[in-house]
Amino acid sequence: MASSSSALLRRARHLSTAVATAANTNVTTSAAMTISKAKSKLRKEHDTDKALDIYSSVKSNHSSSSPGSTHHAQQITVRRLAKSHRFSDIEALIESHKNDPRITDEQFLSSLIKSYGIAGMFDHALRTYNQMETLKTPRSALSFNALLTACVNSKKFDLAPQLFDEMPAKYGFKPDVYSYGILVRSFCDAGKPELGIEKLKEMNQKGVQASGVIYTPIIHSLYKKGNSTEAERIWDEMVNRGCVVDVAAYNVRLMNAVDGDPEDIKRMIEEMSNAALKPDTISYNYLMTCYCKKGMMNEAKEVYDKLEENCCNPNAATFRTLLYYLCRNERFETGYKVFKHSVAVNKIPDFNTLKYLVGGLAKKSRTKEAKGIIRTMKKKFPPNLLVAWTKLEKELGLASADTEAAKEGVQR
DNA sequence: TCCAGTAAGT
């Protein structure tokens, strides 16, 4: 344990130097890469080291402009590193930002706190928050909200109310509506919506005006616990208080209806439109999923086909759910078309979903299509999944003379 | 994209 952590530390130091030098020299490949291009590359890049390179280039070329966008690139990178458990790399990356002159900007510092939260590194988030005096960063509720968010993202639910009691008094600021919102969400994530409801009352007494956003996780949590009566009571309370009811709030109700009659969901979507709300991809996904669960695959496919007509784009969940149910209903040819669409828009479902499709196509002697999927997947996915694909290929008797290609893939 | 909220098969 001790020796491996010192090895990690060495790597962290190495990385932090690498990041620092990347800022001064143009080591990285594309000096002219735009941030949006970099972000789309980041999303597609499954190799963590390559993702880091892309991020360094964003950082070195655009450190003076569009902070929101670089921040987003930072979060994508951190998420990727956390997925590979490279926490010392994350530390090196984020700590290196503390030398940036923008560290006195509370928003900039808050983005670092949030990134630590995304990685589940709450101790580091808290340390950064407590460093603000040293770093000469002024305090308001903003950085506190970042800390609370980090707390919730790190699933330290007991800590959130404690921070809420301690920090405002310790550092002399007032929690705002957002702070309350994050605290309420923390209670709900911990499966205690009743504490959220209590907080709502407290807000009222203190004259903090609650918005619809604060009600949404409470209603969500109540439905999840099977307490729909109480969920509907809170919904009514939200409406009666004159809160804005938006698409996200409606989607929580749609979620609860997904095991029921599709007609109910259609009615609710209509209700949304009548309220001048535009149902989004999540809304339509519920309708599609509802049809899928009922085995009504033609209707489900129609929802998918009409997404763009409804000004929505299918997302990763759309493809995954539809493909899964198409395969379960032996509709492999339709599934293949859906798969190709998912490749075109870079939202390819995971291995577990696709193995049913490949297996089904192979079973129906659609060897060409089955092989095509495997070829695509070997190109698109990281080396560690290659083993699974090669194994499946062998099991289905689809392996041909391209074992060499597989080797190439491993070396990549 | 902008400080809080929404789902997802076995």
# chains A, B, ... in the order shown; residues from 1 in each chain; ligands from 1
>>> residues_around(residues="DA4 of chain B", least_positions_apart="5", cutoff="8 Å", atoms="only C-alpha atoms (C1' of nucleotides)", output="PDB file with all heavy atoms, in the first residue's frame")
ATOM      1  N   VAL A 177     -30.678  30.670  -1.892  1.00  0.00           N
ATOM      2  CA  VAL A 177     -31.646  29.654  -2.344  1.00  0.00           C
ATOM      3  C   VAL A 177     -30.950  28.425  -2.898  1.00  0.00           C
ATOM      4  O   VAL A 177     -31.418  27.312  -2.721  1.00  0.00           O
ATOM      5  CB  VAL A 177     -32.541  30.174  -3.500  1.00  0.00           C
ATOM      6  CG1 VAL A 177     -33.945  29.643  -3.379  1.00  0.00           C
ATOM      7  CG2 VAL A 177     -32.488  31.666  -3.613  1.00  0.00           C
ATOM      8  N   TYR A 178     -29.828  28.654  -3.592  1.00  0.00           N
ATOM      9  CA  TYR A 178     -29.100  27.537  -4.175  1.00  0.00           C
ATOM     10  C   TYR A 178     -28.565  26.622  -3.072  1.00  0.00           C
ATOM     11  O   TYR A 178     -28.637  25.409  -3.177  1.00  0.00           O
ATOM     12  CB  TYR A 178     -27.945  28.041  -5.040  1.00  0.00           C
ATOM     13  CG  TYR A 178     -28.393  28.859  -6.208  1.00  0.00           C
ATOM     14  CD1 TYR A 178     -28.536  30.243  -6.111  1.00  0.00           C
ATOM     15  CD2 TYR A 178     -28.713  28.250  -7.419  1.00  0.00           C
ATOM     16  CE1 TYR A 178     -28.952  31.001  -7.191  1.00  0.00           C
ATOM     17  CE2 TYR A 178     -29.136  28.991  -8.508  1.00  0.00           C
ATOM     18  CZ  TYR A 178     -29.252  30.375  -8.388  1.00  0.00           C
ATOM     19  OH  TYR A 178     -29.672  31.105  -9.449  1.00  0.00           O
ATOM     20  N   SER A 179     -28.034  27.236  -2.019  1.00  0.00           N
ATOM     21  CA  SER A 179     -27.519  26.439  -0.901  1.00  0.00           C
ATOM     22  C   SER A 179     -28.618  25.526  -0.357  1.00  0.00           C
ATOM     23  O   SER A 179     -28.411  24.344  -0.125  1.00  0.00           O
ATOM     24  CB  SER A 179     -27.016  27.341   0.230  1.00  0.00           C
ATOM     25  OG  SER A 179     -26.358  28.477  -0.259  1.00  0.00           O
ATOM     26  N   TYR A 180     -29.796  26.131  -0.162  1.00  0.00           N
ATOM     27  CA  TYR A 180     -30.928  25.331   0.319  1.00  0.00           C
ATOM     28  C   TYR A 180     -31.270  24.215  -0.667  1.00  0.00           C
ATOM     29  O   TYR A 180     -31.535  23.076  -0.275  1.00  0.00           O
ATOM     30  CB  TYR A 180     -32.150  26.227   0.539  1.00  0.00           C
ATOM     31  CG  TYR A 180     -32.138  26.929   1.870  1.00  0.00           C
ATOM     32  CD1 TYR A 180     -31.682  28.241   1.984  1.00  0.00           C
ATOM     33  CD2 TYR A 180     -32.570  26.278   3.028  1.00  0.00           C
ATOM     34  CE1 TYR A 180     -31.653  28.895   3.211  1.00  0.00           C
ATOM     35  CE2 TYR A 180     -32.548  26.918   4.256  1.00  0.00           C
ATOM     36  CZ  TYR A 180     -32.091  28.229   4.348  1.00  0.00           C
ATOM     37  OH  TYR A 180     -32.062  28.853   5.567  1.00  0.00           O
ATOM     38  N   GLY A 181     -31.224  24.556  -1.948  1.00  0.00           N
ATOM     39  CA  GLY A 181     -31.526  23.557  -2.970  1.00  0.00           C
ATOM     40  C   GLY A 181     -30.591  22.360  -2.893  1.00  0.00           C
ATOM     41  O   GLY A 181     -31.020  21.213  -3.001  1.00  0.00           O
ATOM     42  N   ILE A 182     -29.300  22.627  -2.709  1.00  0.00           N
ATOM     43  CA  ILE A 182     -28.323  21.536  -2.656  1.00  0.00           C
ATOM     44  C   ILE A 182     -28.524  20.702  -1.389  1.00  0.00           C
ATOM     45  O   ILE A 182     -28.444  19.473  -1.419  1.00  0.00           O
ATOM     46  CB  ILE A 182     -26.877  22.076  -2.722  1.00  0.00           C
ATOM     47  CG1 ILE A 182     -26.704  22.974  -3.941  1.00  0.00           C
ATOM     48  CG2 ILE A 182     -25.872  20.938  -2.791  1.00  0.00           C
ATOM     49  CD1 ILE A 182     -25.502  23.905  -3.872  1.00  0.00           C
ATOM     50  N   VAL A 213     -37.624  24.269  -8.639  1.00  0.00           N
ATOM     51  CA  VAL A 213     -36.450  23.402  -8.702  1.00  0.00           C
ATOM     52  C   VAL A 213     -36.249  22.648  -7.389  1.00  0.00           C
ATOM     53  O   VAL A 213     -35.860  21.484  -7.371  1.00  0.00           O
ATOM     54  CB  VAL A 213     -35.191  24.227  -9.046  1.00  0.00           C
ATOM     55  CG1 VAL A 213     -33.939  23.378  -8.980  1.00  0.00           C
ATOM     56  CG2 VAL A 213     -35.327  24.845 -10.411  1.00  0.00           C
ATOM     57  N   ILE A 214     -36.530  23.309  -6.294  1.00  0.00           N
ATOM     58  CA  ILE A 214     -36.277  22.723  -4.982  1.00  0.00           C
ATOM     59  C   ILE A 214     -37.262  21.581  -4.688  1.00  0.00           C
ATOM     60  O   ILE A 214     -36.955  20.642  -3.958  1.00  0.00           O
ATOM     61  CB  ILE A 214     -36.320  23.829  -3.913  1.00  0.00           C
ATOM     62  CG1 ILE A 214     -35.043  23.790  -3.082  1.00  0.00           C
ATOM     63  CG2 ILE A 214     -37.524  23.725  -3.031  1.00  0.00           C
ATOM     64  CD1 ILE A 214     -34.824  25.042  -2.282  1.00  0.00           C
TER      65      ILE A 214
END
>>> interface_residues(of="chain A", to="chain B", cutoff="9 Å", atoms="only C-alpha atoms (C1' of nucleotides)", output="PyMOL selection string")
chain A and resi 68-69+72+141-143+145-146+177-183+185+212-217+220+247-252+255+282-283+285-286+317-318+320-321+324-325+353
>>> atom_distance(atom1="atom CA of Asp280 of chain A", atom2="atom CA of Asp246 of chain A")
11.0 Å
>>> select_by_dssp(residues="segment 125-165 of chain A", states="alpha helix (DSSP H)", output="PDB file with C-alpha atoms, in the first residue's frame")
ATOM      1  CA  ALA A 125     -12.531  19.883  -1.916  1.00  0.00           C
ATOM      2  CA  LEU A 126     -12.787  20.887   1.725  1.00  0.00           C
ATOM      3  CA  ARG A 127      -9.072  21.617   1.944  1.00  0.00           C
ATOM      4  CA  THR A 128      -9.312  23.872  -1.092  1.00  0.00           C
ATOM      5  CA  TYR A 129     -12.289  25.657   0.453  1.00  0.00           C
ATOM      6  CA  ASN A 130     -10.381  26.256   3.683  1.00  0.00           C
ATOM      7  CA  MET A 132      -9.267  30.510   0.316  1.00  0.00           C
ATOM      8  CA  GLU A 133      -7.739  33.040   2.712  1.00  0.00           C
ATOM      9  CA  THR A 134      -4.230  31.907   1.787  1.00  0.00           C
ATOM     10  CA  LEU A 135      -5.089  32.044  -1.886  1.00  0.00           C
ATOM     11  CA  ALA A 141     -22.297  31.637  -0.906  1.00  0.00           C
ATOM     12  CA  LEU A 142     -20.938  30.730  -4.343  1.00  0.00           C
ATOM     13  CA  SER A 143     -17.876  28.773  -3.181  1.00  0.00           C
ATOM     14  CA  PHE A 144     -19.906  27.347  -0.311  1.00  0.00           C
ATOM     15  CA  ASN A 145     -22.419  26.012  -2.811  1.00  0.00           C
ATOM     16  CA  ALA A 146     -19.570  24.428  -4.739  1.00  0.00           C
ATOM     17  CA  LEU A 147     -18.431  22.761  -1.518  1.00  0.00           C
ATOM     18  CA  LEU A 148     -21.950  21.518  -0.765  1.00  0.00           C
ATOM     19  CA  THR A 149     -22.234  20.181  -4.316  1.00  0.00           C
ATOM     20  CA  ALA A 150     -18.906  18.388  -3.877  1.00  0.00           C
ATOM     21  CA  CYS A 151     -20.248  16.939  -0.654  1.00  0.00           C
ATOM     22  CA  VAL A 152     -23.379  15.582  -2.338  1.00  0.00           C
ATOM     23  CA  ASN A 153     -21.415  14.278  -5.324  1.00  0.00           C
ATOM     24  CA  LEU A 159     -21.890  16.066   6.223  1.00  0.00           C
ATOM     25  CA  ALA A 160     -24.067  18.407   4.181  1.00  0.00           C
ATOM     26  CA  PRO A 161     -26.339  19.592   7.035  1.00  0.00           C
ATOM     27  CA  GLN A 162     -23.267  19.893   9.246  1.00  0.00           C
ATOM     28  CA  LEU A 163     -21.498  22.152   6.731  1.00  0.00           C
ATOM     29  CA  PHE A 164     -24.707  24.107   6.368  1.00  0.00           C
ATOM     30  CA  ASP A 165     -24.719  24.819  10.094  1.00  0.00           C
TER      31      ASP A 165
END
>>> residues_around(residues="Gly397 of chain A", least_positions_apart="2", cutoff="12 Å", atoms="only C-alpha atoms (C1' of nucleotides)", output="list of chain:residue names")
A:Val358, A:Gly359, A:Ala362, A:Lys363, A:Ser365, A:Thr367, A:Ala370, A:Lys371, A:Thr390, A:Lys391, A:Leu392, A:Glu393, A:Lys394, A:Glu395, A:Ala399, A:Ser400, A:Ala401
>>> residues_around(residues="Met238 of chain A", least_positions_apart="2", cutoff="12 Å", atoms="only C-alpha atoms (C1' of nucleotides)", output="count of residues only")
26
>>> atom_distance(atom1="atom CA of Asp100 of chain A", atom2="atom CA of Ile118 of chain A")
20.9 Å
>>> closest_residue(among="A:Arg375, A:Lys266, A:Arg79, A:Arg253", to="Val303 of chain A", atoms="only C-alpha atoms")
A:Lys266
>>> atom_distance(atom1="atom CA of Lys206 of chain A", atom2="atom CA of Pro175 of chain A")
11.4 Å
>>> residues_around(residues="Gly191 of chain A", least_positions_apart="5", cutoff="12 Å", atoms="only C-alpha atoms (C1' of nucleotides)", output="PDB file with N, CA, C and O atoms, in the first residue's frame")
ATOM      1  N   LYS A 155     -21.209  11.784  -2.059  1.00  0.00           N
ATOM      2  CA  LYS A 155     -22.157  10.980  -1.278  1.00  0.00           C
ATOM      3  C   LYS A 155     -21.916  11.043   0.235  1.00  0.00           C
ATOM      4  O   LYS A 155     -22.160  10.068   0.951  1.00  0.00           O
ATOM      5  N   PHE A 157     -23.592  12.347   2.713  1.00  0.00           N
ATOM      6  CA  PHE A 157     -24.884  12.981   2.995  1.00  0.00           C
ATOM      7  C   PHE A 157     -24.994  13.531   4.418  1.00  0.00           C
ATOM      8  O   PHE A 157     -25.648  14.531   4.646  1.00  0.00           O
ATOM      9  N   ASP A 158     -24.355  12.854   5.370  1.00  0.00           N
ATOM     10  CA  ASP A 158     -24.446  13.347   6.748  1.00  0.00           C
ATOM     11  C   ASP A 158     -23.720  14.672   6.931  1.00  0.00           C
ATOM     12  O   ASP A 158     -24.044  15.454   7.813  1.00  0.00           O
ATOM     13  N   VAL A 184     -31.349  20.280   0.269  1.00  0.00           N
ATOM     14  CA  VAL A 184     -32.567  19.482   0.083  1.00  0.00           C
ATOM     15  C   VAL A 184     -32.258  18.262  -0.785  1.00  0.00           C
ATOM     16  O   VAL A 184     -32.678  17.145  -0.491  1.00  0.00           O
ATOM     17  N   ARG A 185     -31.501  18.480  -1.848  1.00  0.00           N
ATOM     18  CA  ARG A 185     -31.134  17.370  -2.722  1.00  0.00           C
ATOM     19  C   ARG A 185     -30.334  16.326  -1.954  1.00  0.00           C
ATOM     20  O   ARG A 185     -30.488  15.118  -2.156  1.00  0.00           O
ATOM     21  N   SER A 186     -29.467  16.785  -1.054  1.00  0.00           N
ATOM     22  CA  SER A 186     -28.678  15.866  -0.256  1.00  0.00           C
ATOM     23  C   SER A 186     -29.568  14.963   0.606  1.00  0.00           C
ATOM     24  O   SER A 186     -29.369  13.756   0.685  1.00  0.00           O
ATOM     25  N   GLY A 196     -36.211  17.006   3.715  1.00  0.00           N
ATOM     26  CA  GLY A 196     -36.273  18.053   2.699  1.00  0.00           C
ATOM     27  C   GLY A 196     -37.524  18.904   2.886  1.00  0.00           C
ATOM     28  O   GLY A 196     -37.471  20.135   2.787  1.00  0.00           O
ATOM     29  N   PRO A 217     -36.550  17.320  -6.605  1.00  0.00           N
ATOM     30  CA  PRO A 217     -35.937  16.122  -6.005  1.00  0.00           C
ATOM     31  C   PRO A 217     -36.784  15.520  -4.889  1.00  0.00           C
ATOM     32  O   PRO A 217     -36.712  14.304  -4.647  1.00  0.00           O
ATOM     33  N   ILE A 218     -37.564  16.356  -4.210  1.00  0.00           N
ATOM     34  CA  ILE A 218     -38.434  15.829  -3.145  1.00  0.00           C
ATOM     35  C   ILE A 218     -39.502  14.928  -3.750  1.00  0.00           C
ATOM     36  O   ILE A 218     -39.719  13.793  -3.296  1.00  0.00           O
ATOM     37  N   ILE A 219     -40.141  15.426  -4.807  1.00  0.00           N
ATOM     38  CA  ILE A 219     -41.180  14.636  -5.470  1.00  0.00           C
ATOM     39  C   ILE A 219     -40.579  13.352  -6.042  1.00  0.00           C
ATOM     40  O   ILE A 219     -41.141  12.264  -5.900  1.00  0.00           O
ATOM     41  N   HIS A 220     -39.413  13.514  -6.637  1.00  0.00           N
ATOM     42  CA  HIS A 220     -38.699  12.360  -7.200  1.00  0.00           C
ATOM     43  C   HIS A 220     -38.440  11.290  -6.133  1.00  0.00           C
ATOM     44  O   HIS A 220     -38.731  10.111  -6.313  1.00  0.00           O
ATOM     45  N   SER A 221     -37.908  11.729  -5.010  1.00  0.00           N
ATOM     46  CA  SER A 221     -37.562  10.811  -3.936  1.00  0.00           C
ATOM     47  C   SER A 221     -38.802  10.123  -3.355  1.00  0.00           C
ATOM     48  O   SER A 221     -38.782   8.936  -3.042  1.00  0.00           O
ATOM     49  N   LEU A 222     -39.889  10.873  -3.218  1.00  0.00           N
ATOM     50  CA  LEU A 222     -41.129  10.292  -2.685  1.00  0.00           C
ATOM     51  C   LEU A 222     -41.677   9.212  -3.625  1.00  0.00           C
ATOM     52  O   LEU A 222     -42.077   8.136  -3.184  1.00  0.00           O
ATOM     53  N   TYR A 223     -41.658   9.503  -4.917  1.00  0.00           N
ATOM     54  CA  TYR A 223     -42.111   8.493  -5.885  1.00  0.00           C
ATOM     55  C   TYR A 223     -41.233   7.249  -5.812  1.00  0.00           C
ATOM     56  O   TYR A 223     -41.720   6.127  -5.840  1.00  0.00           O
ATOM     57  N   LYS A 224     -39.928   7.490  -5.712  1.00  0.00           N
ATOM     58  CA  LYS A 224     -39.002   6.361  -5.678  1.00  0.00           C
ATOM     59  C   LYS A 224     -39.263   5.459  -4.483  1.00  0.00           C
ATOM     60  O   LYS A 224     -39.073   4.252  -4.531  1.00  0.00           O
ATOM     61  N   LYS A 225     -39.718   6.074  -3.387  1.00  0.00           N
ATOM     62  CA  LYS A 225     -40.018   5.279  -2.198  1.00  0.00           C
ATOM     63  C   LYS A 225     -41.431   4.697  -2.242  1.00  0.00           C
ATOM     64  O   LYS A 225     -41.871   4.074  -1.285  1.00  0.00           O
ATOM     65  N   GLY A 226     -42.135   4.938  -3.343  1.00  0.00           N
ATOM     66  CA  GLY A 226     -43.475   4.395  -3.487  1.00  0.00           C
ATOM     67  C   GLY A 226     -44.550   5.198  -2.781  1.00  0.00           C
ATOM     68  O   GLY A 226     -45.682   4.742  -2.646  1.00  0.00           O
ATOM     69  N   ASN A 227     -44.214   6.388  -2.341  1.00  0.00           N
ATOM     70  CA  ASN A 227     -45.183   7.219  -1.633  1.00  0.00           C
ATOM     71  C   ASN A 227     -45.806   8.248  -2.577  1.00  0.00           C
ATOM     72  O   ASN A 227     -45.568   9.456  -2.454  1.00  0.00           O
TER      73      ASN A 227
END
